[in-house]
Amino acid sequence: MHAPRTRVQRRPVHGVLLLDKPLGLSSNDALQKAKWLLRAEKAGHTGTLDPLATGVLPLCFGAATKFSQLQLDAPKTYEAVALLGTTTTTGDAEGEVLRHCDVDQAALTPENLEAVQRQFTGPIQQVPPMHSALKKDGKALYEYARAGVTVEREARDVVIHALNLTVVQTEQGQYAIKMVVRCSKGTYIRTLGEDIGAALGCGAHLTFLRRIDTGGIGVERCVTLAQLEAMPEAERLASLEAPESLLAQHVRVTLDSDNAARFLSGVRRRGTWPDASAVSVFGEEPPALLGVAHIVGGELVPDRLLSPLEIQQILEARRA
C-alpha cells in the first residue's frame, strides 16, 4: 500500500517570484512546482515559455496576479541559436527533419548578415507555426499538427526592436547563427530563426532559446527551482519581490488616508496630476500599494484594485 499523500496547507502569499525556468519543463509545471514550494493559495504566470526554452519567467502570487497582463504585453529579449542547413517540422530540435541543405559560406559574410539583420528589424509579419498554442476554431494549432492537419494561418504583425546576428560553429563543425533579439509580444523566435535561415538560402531550425529579459526584468535577478527547493521556508518567502515590482514603468501617485479609502472603493480622485496611461497608486499611511489607474483630465481613474484584505496580509507579512 502507498502511504497517504500529505496535504499541503495553503496560505495567502502575495508577490512575484522571478524564476529562471529550467529546460524541459512547461511554464505551467514550473508554476505548479513553485506554488507547491511556497504553499500559495493563488498563482499565475506572465506568459508561457516553451519547454525547450529557459530563462526569465515571472510568477505571480496572490495580489500580484492582478498585474500579470502587464508582463505579458512587455517587450522580451532572447538569446537563441539556429542551426543552418536543416529544417524541421516544428522549427526546433524537437521536430522531425524535413530537409538538409548545404550551407554556402559565401552567404555568411558580414555584409550579407547585416543585410539580413536589417531585413528582419522593425515591423515585420510572421505566420504563426503549426506547433504553437495559438487557437483556431477553439482548438490549439499544435493539436491540428499532431493529427497531421495543416490549417490556414494569417500573418501577424510583430516588431523586432533590435536584432544581432553572429555566425558560430558547433562542436561538430556545423554553421549556426547566434541571435540576440529584442521583440514585441507575440513574436515567435522559432519562426524568426526559420525565416532567417530561408533568407540565407539554406534553412534553419532552433537548437537553443533563452529569455534573458522581460519588461526590464533581467535573468540575473532570477532564482532557479533547484535554488528555491534548497531554501528554508522563510527564505523562500523572502525571495519574492513585492507586487509593485511589476509596475516599475508606471507613474507613481501617493494618496492620503482619506483619498486612499475612497480610491479603494473605486471612486475617482481629482488632483493636479498630468495625464498618464499607467499609474501605480499607493497609500501614504500605511505605505502600501492600492492598485493601478490612469489619469485623464486631472482625474485618477481606478483600473485594478487590491482588496483591503490583500493589503492587510501584505503589511502583516512585511512585519513578520
# chains A, B, ... in the order shown; residues from 1 in each chain; ligands from 1
>>> residues_around(residues="segment 275-279 of chain A", least_positions_apart="4", cutoff="8 Å", atoms="only C-alpha atoms", output="list in words")
Gln249, His250, Val251, Arg252, Val253, Val292, Ala293, His294, Ile295, Val296, Gly297 and Gly298 of chain A
>>> closest_atom_pairs(of="segment 4-98 of chain A", to="segment 186-208 of chain A", cutoff="8 Å", atoms="only C-alpha atoms", output="CSV")
residue,atom,partner,partner_atom,distance
A:Leu52,CA,A:Phe208,CA,7.5
A:Ala53,CA,A:Phe208,CA,7.1
A:Glu79,CA,A:Phe208,CA,7.9
A:Ala80,CA,A:Phe208,CA,5.2
A:Val81,CA,A:Phe208,CA,5.0
A:Ala82,CA,A:Leu206,CA,4.2
A:Leu83,CA,A:Ala204,CA,5.3
A:Leu84,CA,A:Ala204,CA,4.3
A:Gly85,CA,A:Cys202,CA,4.9
A:Thr86,CA,A:Ala204,CA,5.2
A:Thr87,CA,A:Ala204,CA,5.1
A:Thr88,CA,A:His205,CA,6.4
A:Gly91,CA,A:His205,CA,4.9
A:Asp92,CA,A:Leu206,CA,4.3
A:Ala93,CA,A:Thr207,CA,5.4
>>> write_last_selection(atoms="C-alpha atoms", output="mmCIF file, in the first residue's frame")
data_model
loop_
_atom_site.group_PDB
_atom_site.id
_atom_site.type_symbol
_atom_site.label_atom_id
_atom_site.label_comp_id
_atom_site.auth_asym_id
_atom_site.auth_seq_id
_atom_site.Cartn_x
_atom_site.Cartn_y
_atom_site.Cartn_z
ATOM 1 C CA LEU A 52 12.817 23.792 -24.749
ATOM 2 C CA ALA A 53 13.337 27.415 -23.640
ATOM 3 C CA GLU A 79 19.300 34.654 -26.937
ATOM 4 C CA ALA A 80 18.903 31.872 -29.497
ATOM 5 C CA VAL A 81 20.922 29.620 -31.772
ATOM 6 C CA ALA A 82 19.613 28.491 -35.166
ATOM 7 C CA LEU A 83 21.420 25.577 -36.815
ATOM 8 C CA LEU A 84 21.798 26.268 -40.518
ATOM 9 C CA GLY A 85 21.166 23.739 -43.278
ATOM 10 C CA THR A 86 18.412 21.675 -41.612
ATOM 11 C CA THR A 87 14.699 22.390 -41.325
ATOM 12 C CA THR A 88 12.291 20.501 -39.047
ATOM 13 C CA GLY A 91 11.120 24.774 -36.295
ATOM 14 C CA ASP A 92 13.186 23.488 -33.373
ATOM 15 C CA ALA A 93 15.175 20.407 -32.321
#
>>> residues_around(residues="Arg156 of chain A", least_positions_apart="6", cutoff="12 Å", atoms="only C-alpha atoms", output="mmCIF file with C-alpha atoms, in the first residue's frame")
data_model
loop_
_atom_site.group_PDB
_atom_site.id
_atom_site.type_symbol
_atom_site.label_atom_id
_atom_site.label_comp_id
_atom_site.auth_asym_id
_atom_site.auth_seq_id
_atom_site.Cartn_x
_atom_site.Cartn_y
_atom_site.Cartn_z
ATOM 1 C CA PRO A 123 7.810 45.921 -38.026
ATOM 2 C CA ILE A 124 7.600 42.515 -39.738
ATOM 3 C CA GLN A 125 4.941 39.886 -40.369
ATOM 4 C CA GLN A 126 5.091 36.293 -39.156
ATOM 5 C CA VAL A 127 2.937 33.292 -39.959
ATOM 6 C CA PRO A 128 2.421 31.520 -36.602
ATOM 7 C CA PRO A 129 3.890 27.992 -36.552
ATOM 8 C CA LEU A 134 -2.488 29.742 -30.813
ATOM 9 C CA SER A 184 7.288 42.712 -29.094
ATOM 10 C CA LYS A 185 4.862 40.257 -27.532
ATOM 11 C CA GLY A 186 3.592 37.554 -29.864
ATOM 12 C CA THR A 187 6.930 37.118 -31.670
ATOM 13 C CA TYR A 188 7.857 33.509 -32.441
ATOM 14 C CA THR A 191 9.722 31.318 -36.878
#
>>> select_by_dssp(residues="segment 19-193 of chain A", states="alpha helix (DSSP H)", output="tab-separated table (two decimals) with N, CA and C atoms, in the first residue's frame")
chain	number	residue	atom	x	y	z
A	27	SER	N	5.83	25.92	-18.70
A	27	SER	CA	5.64	27.06	-17.81
A	27	SER	C	4.65	26.73	-16.70
A	28	ASN	N	3.60	25.97	-17.04
A	28	ASN	CA	2.61	25.63	-16.02
A	28	ASN	C	3.17	24.65	-14.99
A	29	ASP	N	4.00	23.70	-15.44
A	29	ASP	CA	4.62	22.77	-14.50
A	29	ASP	C	5.54	23.52	-13.54
A	30	ALA	N	6.28	24.50	-14.08
A	30	ALA	CA	7.17	25.32	-13.23
A	30	ALA	C	6.36	26.11	-12.22
A	31	LEU	N	5.23	26.66	-12.67
A	31	LEU	CA	4.35	27.42	-11.79
A	31	LEU	C	3.80	26.54	-10.66
A	32	GLN	N	3.34	25.35	-11.02
A	32	GLN	CA	2.75	24.46	-10.01
A	32	GLN	C	3.79	24.02	-8.99
A	33	LYS	N	5.02	23.79	-9.44
A	33	LYS	CA	6.10	23.40	-8.53
A	33	LYS	C	6.41	24.54	-7.55
A	34	ALA	N	6.52	25.76	-8.07
A	34	ALA	CA	6.79	26.92	-7.21
A	34	ALA	C	5.63	27.18	-6.25
A	35	LYS	N	4.41	27.02	-6.75
A	35	LYS	CA	3.22	27.22	-5.92
A	35	LYS	C	3.21	26.23	-4.76
A	36	TRP	N	3.60	24.98	-5.04
A	36	TRP	CA	3.66	23.94	-4.00
A	36	TRP	C	4.75	24.26	-2.99
A	37	LEU	N	5.92	24.70	-3.47
A	37	LEU	CA	7.03	25.02	-2.56
A	37	LEU	C	6.69	26.19	-1.64
A	38	LEU	N	5.90	27.15	-2.15
A	38	LEU	CA	5.53	28.32	-1.36
A	38	LEU	C	4.23	28.12	-0.59
A	68	SER	N	-0.43	40.59	-13.89
A	68	SER	CA	0.36	39.69	-14.74
A	68	SER	C	0.26	40.07	-16.22
A	69	GLN	N	-0.87	40.64	-16.64
A	69	GLN	CA	-1.04	41.02	-18.04
A	69	GLN	C	0.00	42.04	-18.49
A	70	LEU	N	0.47	42.87	-17.54
A	70	LEU	CA	1.45	43.90	-17.88
A	70	LEU	C	2.74	43.28	-18.40
A	71	GLN	N	3.18	42.18	-17.78
A	71	GLN	CA	4.38	41.50	-18.25
A	71	GLN	C	4.12	40.73	-19.53
A	72	LEU	N	2.88	40.24	-19.69
A	72	LEU	CA	2.51	39.55	-20.92
A	72	LEU	C	2.68	40.48	-22.12
A	110	PRO	N	29.94	39.14	-43.40
A	110	PRO	CA	29.39	40.18	-42.53
A	110	PRO	C	28.40	41.09	-43.24
A	111	GLU	N	28.69	41.39	-44.53
A	111	GLU	CA	27.80	42.28	-45.28
A	111	GLU	C	26.42	41.64	-45.50
A	112	ASN	N	26.44	40.35	-45.83
A	112	ASN	CA	25.17	39.65	-46.07
A	112	ASN	C	24.38	39.49	-44.76
A	113	LEU	N	25.11	39.19	-43.69
A	113	LEU	CA	24.44	39.07	-42.39
A	113	LEU	C	23.81	40.40	-41.98
A	114	GLU	N	24.51	41.49	-42.24
A	114	GLU	CA	23.99	42.81	-41.89
A	114	GLU	C	22.72	43.12	-42.70
A	115	ALA	N	22.72	42.71	-43.97
A	115	ALA	CA	21.54	42.93	-44.81
A	115	ALA	C	20.35	42.13	-44.28
A	116	VAL	N	20.59	40.88	-43.88
A	116	VAL	CA	19.52	40.04	-43.32
A	116	VAL	C	19.03	40.62	-42.00
A	117	GLN	N	19.97	41.11	-41.22
A	117	GLN	CA	19.64	41.73	-39.94
A	117	GLN	C	18.68	42.91	-40.15
A	118	ARG	N	19.01	43.74	-41.15
A	118	ARG	CA	18.15	44.90	-41.46
A	118	ARG	C	16.77	44.43	-41.94
A	119	GLN	N	16.77	43.37	-42.74
A	119	GLN	CA	15.52	42.85	-43.31
A	119	GLN	C	14.53	42.44	-42.22
A	141	LEU	N	-3.34	25.12	-32.30
A	141	LEU	CA	-2.73	24.71	-33.57
A	141	LEU	C	-1.93	23.42	-33.43
A	142	TYR	N	-1.25	23.26	-32.28
A	142	TYR	CA	-0.44	22.04	-32.14
A	142	TYR	C	-1.30	20.77	-32.12
A	143	GLU	N	-2.57	20.89	-31.75
A	143	GLU	CA	-3.47	19.73	-31.79
A	143	GLU	C	-3.74	19.30	-33.23
A	144	TYR	N	-3.93	20.32	-34.11
A	144	TYR	CA	-4.08	20.00	-35.54
A	144	TYR	C	-2.80	19.37	-36.07
A	145	ALA	N	-1.65	19.96	-35.68
A	145	ALA	CA	-0.36	19.48	-36.18
A	145	ALA	C	-0.11	18.02	-35.78
A	146	ARG	N	-0.45	17.69	-34.53
A	146	ARG	CA	-0.25	16.31	-34.06
A	146	ARG	C	-1.13	15.32	-34.83
A	189	ILE	N	10.20	33.18	-31.92
A	189	ILE	CA	11.63	33.15	-32.23
A	189	ILE	C	11.95	31.96	-33.13
A	190	ARG	N	11.22	30.86	-32.98
A	190	ARG	CA	11.41	29.71	-33.88
A	190	ARG	C	11.16	30.13	-35.33
A	191	THR	N	10.07	30.87	-35.52
A	191	THR	CA	9.72	31.32	-36.88
A	191	THR	C	10.76	32.30	-37.40
A	192	LEU	N	11.25	33.18	-36.52
A	192	LEU	CA	12.29	34.12	-36.93
A	192	LEU	C	13.54	33.37	-37.37
A	193	GLY	N	13.93	32.34	-36.61
A	193	GLY	CA	15.09	31.53	-36.97
A	193	GLY	C	14.91	30.86	-38.33
>>> closest_residue(among="A:Ser245, A:Thr48, A:Thr150, A:Thr254", to="Val16 of chain A", atoms="only C-alpha atoms")
A:Ser245
>>> residues_around(residues="Ile160 of chain A", least_positions_apart="6", cutoff="7 Å", atoms="only C-alpha atoms", output="list in words")
Phe120, Thr121, Gly122, Pro123, Arg182, Cys183 and Ser184 of chain A
>>> write_last_selection(atoms="C-alpha atoms", output="mmCIF file, in the first residue's frame")
data_model
loop_
_atom_site.group_PDB
_atom_site.id
_atom_site.type_symbol
_atom_site.label_atom_id
_atom_site.label_comp_id
_atom_site.auth_asym_id
_atom_site.auth_seq_id
_atom_site.Cartn_x
_atom_site.Cartn_y
_atom_site.Cartn_z
ATOM 1 C CA PHE A 120 14.180 41.430 -40.036
ATOM 2 C CA THR A 121 14.474 44.528 -37.842
ATOM 3 C CA GLY A 122 11.461 46.768 -37.245
ATOM 4 C CA PRO A 123 7.810 45.921 -38.026
ATOM 5 C CA ARG A 182 14.523 42.233 -28.517
ATOM 6 C CA CYS A 183 10.948 41.956 -29.706
ATOM 7 C CA SER A 184 7.288 42.712 -29.094
#
>>> closest_residue(among="A:Lys135, A:Arg99, A:His14, A:Arg153", to="Ser239 of chain A", atoms="only C-alpha atoms")
A:His14
>>> atom_distance(atom1="atom CA of Val281 of chain A", atom2="atom CA of Pro243 of chain A")
12.2 Å
>>> closest_atom_pairs(of="segment 38-101 of chain A", to="segment 211-221 of chain A", cutoff="8 Å", atoms="only C-alpha atoms", output="tab-separated table")
residue	atom	partner	partner_atom	distance
A:Ala53	CA	A:Arg211	CA	7.4
A:Thr54	CA	A:Arg211	CA	6.3
A:Gly55	CA	A:Arg211	CA	4.6
A:Val56	CA	A:Val219	CA	5.4
A:Gln71	CA	A:Gly215	CA	6.2
A:Ala74	CA	A:Gly215	CA	4.8
A:Pro75	CA	A:Gly215	CA	5.5
A:Lys76	CA	A:Thr214	CA	4.5
A:Thr77	CA	A:Asp213	CA	5.0
A:Tyr78	CA	A:Arg211	CA	4.3
A:Glu79	CA	A:Arg211	CA	6.3
>>> atom_distance(atom1="atom CA of Gly271 of chain A", atom2="atom CA of Val301 of chain A")
11.2 Å
